[in-house]
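Participant: Sharing start_3.csv, CSV, C-alpha atoms:
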chain,number,residue,atom,x,y,z
T,1,MET,CA,116.8,95.3,81.9
T,2,ARG,CA,117.5,97.8,79.1
T,3,THR,CA,114.8,99.3,77.0
T,4,SER,CA,115.1,100.5,73.5
T,5,PRO,CA,115.2,104.2,72.7
T,6,ALA,CA,111.9,103.8,70.8
T,7,VAL,CA,110.2,102.5,74.0
T,8,GLN,CA,111.8,105.1,76.1
T,9,ALA,CA,110.6,107.8,73.8
T,10,GLY,CA,107.0,106.5,74.2
T,11,THR,CA,106.5,105.4,70.6
T,12,GLY,CA,105.8,101.9,71.6
T,13,GLN,CA,107.1,100.5,68.4
T,14,SER,CA,107.9,96.8,68.9
T,15,ALA,CA,110.5,94.8,67.0
T,16,GLY,CA,107.8,93.0,65.0
T,17,ARG,CA,106.5,96.3,63.6
T,18,ARG,CA,109.8,97.8,62.7
T,19,GLU,CA,110.7,97.8,59.0
T,20,SER,CA,113.0,94.8,58.2
T,21,SER,CA,116.4,95.2,56.8
T,22,ILE,CA,115.3,93.1,53.8
T,23,LEU,CA,112.5,95.5,53.1
T,24,ARG,CA,114.8,98.5,53.3
T,25,VAL,CA,117.3,97.0,50.9
T,26,ALA,CA,114.4,96.1,48.5
T,27,GLN,CA,113.1,99.6,48.6
T,28,ALA,CA,116.6,101.1,48.1
T,29,HIS,CA,117.4,98.7,45.2
T,30,PRO,CA,114.2,97.6,43.5
T,31,ASP,CA,115.8,96.1,40.4
T,32,SER,CA,118.2,94.0,42.4
T,33,ALA,CA,115.4,92.9,44.7
T,34,LEU,CA,113.3,91.9,41.7
T,35,ALA,CA,116.1,89.8,40.3
T,36,ALA,CA,116.8,88.2,43.7
T,37,GLY,CA,113.1,87.4,44.2
T,38,ALA,CA,112.7,86.0,40.8
T,39,LEU,CA,115.7,83.7,41.2
T,40,LEU,CA,114.4,82.6,44.6
T,41,VAL,CA,111.0,81.7,43.2
T,42,ALA,CA,112.7,80.0,40.2
T,43,LEU,CA,114.8,77.9,42.5
T,44,PHE,CA,111.9,76.7,44.5
T,45,SER,CA,109.7,76.1,41.4
T,46,THR,CA,112.6,74.2,39.7
T,47,ALA,CA,112.9,72.0,42.8
T,48,TRP,CA,109.2,71.4,42.7
T,49,LEU,CA,109.4,70.5,39.0
T,50,LEU,CA,112.2,68.1,39.7
T,51,LEU,CA,110.0,66.3,42.3
T,52,GLN,CA,107.2,65.7,39.8
T,53,ASN,CA,106.8,62.5,38.0
T,54,PRO,CA,107.9,62.6,35.3
T,55,ASP,CA,110.4,65.4,35.8
T,56,PHE,CA,111.7,67.4,32.9
T,57,LEU,CA,114.9,65.4,32.8
T,58,SER,CA,113.0,62.2,32.2
T,59,GLY,CA,110.5,63.5,29.6
T,60,TYR,CA,110.3,61.6,26.3
T,61,ASP,CA,111.8,64.3,24.1
T,62,PHE,CA,114.6,65.1,26.5
T,63,VAL,CA,115.6,61.4,27.0
T,64,ARG,CA,115.3,60.5,23.3
T,65,MET,CA,116.8,63.6,21.7
T,66,HIS,CA,117.9,66.6,23.7
T,67,ALA,CA,120.1,64.8,26.2
T,68,PHE,CA,122.1,63.3,23.3
T,69,TYR,CA,122.3,66.6,21.5
T,70,LYS,CA,123.6,68.4,24.6
T,71,ALA,CA,126.1,65.6,25.3
T,72,TYR,CA,127.4,65.7,21.7
T,73,PHE,CA,127.6,69.5,21.8
T,74,ARG,CA,129.6,69.3,25.1
T,75,ASP,CA,131.9,66.6,23.9
T,76,ALA,CA,132.7,68.4,20.7
T,77,LEU,CA,133.4,71.7,22.3
T,78,LEU,CA,135.6,70.1,25.0
T,79,ALA,CA,137.5,68.3,22.3
T,80,GLY,CA,138.2,71.6,20.7
T,81,ARG,CA,136.0,71.3,17.6
T,82,VAL,CA,132.9,73.0,16.4
T,83,PRO,CA,130.0,70.6,16.1
T,84,LEU,CA,129.0,71.3,12.5
T,85,TRP,CA,127.8,67.8,11.6
T,86,ASN,CA,126.0,65.1,13.5
T,87,PRO,CA,127.3,61.7,12.2
T,88,TYR,CA,125.1,59.7,14.5
T,89,SER,CA,121.7,60.6,13.0
T,90,GLY,CA,120.9,58.4,10.0
T,91,LEU,CA,123.6,59.1,7.4
T,92,GLY,CA,124.4,62.3,9.1
T,93,ARG,CA,122.8,65.7,9.2
T,94,PRO,CA,123.8,69.3,10.1
T,95,PHE,CA,124.2,69.9,13.8
T,96,LEU,CA,125.1,73.5,14.1
T,97,ALA,CA,122.3,74.6,11.8
T,98,ASP,CA,119.6,72.5,13.4
T,99,ILE,CA,117.2,74.5,15.5
T,100,GLU,CA,116.5,71.6,17.8
T,101,THR,CA,120.1,71.6,19.0
T,102,GLN,CA,120.2,75.3,20.0
T,103,THR,CA,123.9,75.2,19.5
T,104,LEU,CA,124.2,79.0,19.1
T,105,TYR,CA,122.0,79.8,22.1
T,106,PRO,CA,124.3,81.2,24.8
T,107,PRO,CA,122.7,79.5,27.9
T,108,ASN,CA,123.6,76.1,26.4
T,109,LEU,CA,127.2,76.8,27.3
T,110,LEU,CA,126.2,75.9,30.9
T,111,VAL,CA,126.5,72.3,29.9
T,112,LEU,CA,130.3,72.7,29.4
T,113,PRO,CA,131.3,73.3,33.1
T,114,PHE,CA,128.3,71.6,34.7
T,115,GLY,CA,127.5,68.6,32.5
T,116,VAL,CA,124.2,68.0,30.7
T,117,ASN,CA,121.7,67.5,33.5
T,118,LEU,CA,123.0,70.2,35.9
T,119,GLY,CA,123.6,72.6,33.0
T,120,ILE,CA,120.1,72.2,31.7
T,121,THR,CA,118.7,72.6,35.3
T,122,LEU,CA,120.7,75.8,35.8
T,123,SER,CA,119.5,77.1,32.4
T,124,LEU,CA,115.9,76.3,33.5
T,125,ILE,CA,116.4,78.3,36.7
T,126,LEU,CA,117.7,81.3,34.7
T,127,HIS,CA,114.8,81.0,32.2
T,128,GLN,CA,112.2,80.8,35.0
T,129,ALA,CA,113.8,83.8,36.7
T,130,LEU,CA,113.6,85.7,33.3
T,131,ALA,CA,109.9,84.8,32.9
T,132,ILE,CA,109.1,85.7,36.5
T,133,ALA,CA,111.0,89.0,36.4
T,134,CYS,CA,109.5,90.1,33.1
T,135,GLY,CA,106.1,88.9,34.2
T,136,VAL,CA,106.4,91.2,37.3
T,137,ARG,CA,107.5,94.1,35.1
T,138,LEU,CA,104.5,93.4,32.9
T,139,GLY,CA,102.1,93.3,35.8
T,140,ARG,CA,103.6,96.6,37.1
T,141,THR,CA,103.2,98.2,33.7
T,142,LEU,CA,99.6,97.1,33.6
T,143,GLY,CA,99.0,98.8,37.0
T,144,ALA,CA,99.1,95.8,39.3
T,145,GLY,CA,100.6,96.1,42.8
T,146,ALA,CA,103.8,94.4,43.9
T,147,GLY,CA,102.1,91.2,45.2
T,148,GLN,CA,99.8,90.9,42.2
T,149,SER,CA,102.7,91.4,39.9
T,150,LEU,CA,104.7,88.6,41.5
T,151,LEU,CA,101.7,86.3,41.0
T,152,VAL,CA,101.6,87.4,37.3
T,153,GLY,CA,105.3,86.5,36.9
T,154,ALA,CA,105.1,83.2,38.8
T,155,GLY,CA,101.8,82.3,37.1
T,156,LEU,CA,103.3,82.8,33.7
T,157,ALA,CA,106.4,80.8,34.4
T,158,LEU,CA,104.5,78.0,36.0
T,159,ALA,CA,101.4,78.0,33.8
T,160,SER,CA,100.4,74.6,32.4
T,161,PRO,CA,101.2,75.5,28.7
T,162,PHE,CA,104.7,76.1,29.9
T,163,THR,CA,105.2,73.3,32.4
T,164,ALA,CA,103.4,70.7,30.2
T,165,ARG,CA,106.3,71.2,27.7
T,166,LEU,CA,108.7,70.3,30.4
T,167,ALA,CA,106.8,67.2,31.4
T,168,THR,CA,107.2,65.9,27.9
T,169,GLY,CA,110.9,66.9,27.7
T,170,MET,CA,110.4,69.8,25.3
T,171,VAL,CA,113.0,71.9,27.2
T,172,PRO,CA,113.9,74.2,24.2
T,173,VAL,CA,110.2,75.0,23.7
T,174,TYR,CA,109.9,75.9,27.4
T,175,PHE,CA,113.0,78.2,27.0
T,176,CYS,CA,111.3,79.9,24.1
T,177,LEU,CA,108.0,80.3,26.1
T,178,CYS,CA,110.0,82.0,28.9
T,179,TRP,CA,110.7,84.9,26.6
T,180,TRP,CA,107.0,85.7,26.1
T,181,PRO,CA,106.6,87.8,29.3
T,182,ALA,CA,109.5,89.9,28.1
T,183,LEU,CA,108.0,90.4,24.7
T,184,LEU,CA,104.6,91.3,26.2
T,185,TRP,CA,106.3,93.7,28.6
T,186,LEU,CA,108.3,95.4,25.9
Just give me the structure of the file as structure tokens.
Facilitator:
Amino acid sequence: MRTSPAVQAGTGQSAGRRESSILRVAQAHPDSALAAGALLVALFSTAWLLLQNPDFLSGYDFVRMHAFYKAYFRDALLAGRVPLWNPYSGLGRPFLADIETQTLYPPNLLVLPFGVNLGITLSLILHQALAIACGVRLGRTLGAGAGQSLLVGAGLALASPFTARLATGMVPVYFCLCWWPALLWL
């Protein structure tokens, strides 16, 4: 049976006590590790939010308004036209200039290749990762350790004022709230 050089040298360092390769990479590239960690937490928390009843894709505002807006936005752009006007609301109303449609907000372009529900879900994951990463930065700026800062970021992204908006289908409001940790950190 072969023994490791560490055991032969008498250090007695076992495999469980050695520094993991993930930890070495995280220490060498802290910004990338923060982004990867924030995305991982955002993926799990989005899956958790989708398992709730009601989930954010069945909330009142999303079903009655935002799903139709995103579908109209997607159909218009795929047809090669800019959605300036919404002819389906009353006698018509501006679409591009309506703040509820978020037409000029770049993450909404995810509905083009992925469809409405998957595009919104991917956008939610990205916004949660943004809130978590900026919450971690905020925690570090305020002097918290790494673990505490991760709790700050996850706590901000999953706080009830945030997730309550998702339960009612107010997805654009949730997206706006995800920018708050970044504003507080800056």
Participant: Go through stretch 53-146 of chain T residue by residue and, counting all atoms listed in the file, keep those with an atom at most 8 Å from stretch 28-38 of chain T; for each kept residue give the shortest atom pair and its distance in Å to one decimal, ordered by chain and increasing number, as JSON lines.
Facilitator:
{"residue": "T:Gln128", "atom": "CA", "partner": "T:Ala38", "partner_atom": "CA", "distance": 7.8}
{"residue": "T:Ala129", "atom": "CA", "partner": "T:Ala38", "partner_atom": "CA", "distance": 4.8}
{"residue": "T:Leu130", "atom": "CA", "partner": "T:Ala38", "partner_atom": "CA", "distance": 7.6}
{"residue": "T:Ile132", "atom": "CA", "partner": "T:Ala38", "partner_atom": "CA", "distance": 5.6}
{"residue": "T:Ala133", "atom": "CA", "partner": "T:Ala38", "partner_atom": "CA", "distance": 5.6}
Participant: For each of T:Leu96, T:Ala154, T:Leu109, T:Val116, take the minimum atom-to-atom distance to T:Ala131, counting only C-alpha atoms, then give the residue where this is smallest.
Facilitator: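 Comparing T:Leu96, T:Ala154, T:Leu109, T:Val116 against T:Ala131, the winner is T:Ala154.
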Participant: Mind pulling up the distance from atom CA of T:Ile125 to atom CA of T:Pro181?
Facilitator: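 Atom CA of T:Pro181 sits 15.5 Å away from atom CA of T:Ile125.
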Participant: Report as a Markdown table the residues of stretch 157-179 of chain T within 12 Å of stretch 66-88 of chain T, each with its shortest atom pair and distance in Å (one decimal), using all atoms listed in the file, ordered by chain and increasing residue number.
Facilitator:
| residue | atom | partner | partner_atom | distance |
| --- | --- | --- | --- | --- |
| T:Leu166 | CA | T:His66 | CA | 12.0 |
| T:Thr168 | CA | T:His66 | CA | 11.5 |
| T:Gly169 | CA | T:His66 | CA | 8.1 |
| T:Met170 | CA | T:His66 | CA | 8.3 |
| T:Val171 | CA | T:His66 | CA | 8.0 |
| T:Pro172 | CA | T:His66 | CA | 8.6 |
| T:Val173 | CA | T:His66 | CA | 11.4 |
Participant: Given the choices T:Leu112, T:Cys176, T:Leu126, T:Leu151, which gets closest to T:Ile99 if the distance is worked out from only C-alpha atoms?
Facilitator: T:Cys176
Participant: Of the candidates T:Asn108, T:Ser149, T:Thr141, T:Thr121, which one gets nearest to T:Leu49 if we count all atoms listed in the file?
Facilitator: T:Thr121
Participant: Between atom CA of T:Pro107 and atom CA of T:Val63, what distance in Å does the model show, to one decimal?
Facilitator: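 Separation of atom CA of T:Pro107 and atom CA of T:Val63: 19.5 Å.
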Participant: By how many Å are atom CA of T:Arg140 and atom CA of T:Ala157 apart?
Facilitator: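 Here the two named atoms are 16.3 Å from each other.
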Participant: Compare T:Ala144, T:Ala167, T:Leu57, T:Cys134 by their minimum atom-to-atom distance to T:Asn117, counting all atoms listed in the file, and give me the closest one.
Facilitator: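 When distances to T:Asn117 are compared using all atoms listed in the file, the smallest one comes from T:Leu57.
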Participant: T:Cys178, T:Leu142, T:Leu118, T:Leu183: which is nearest T:Leu158, counting only C-alpha atoms?
Facilitator: T:Cys178
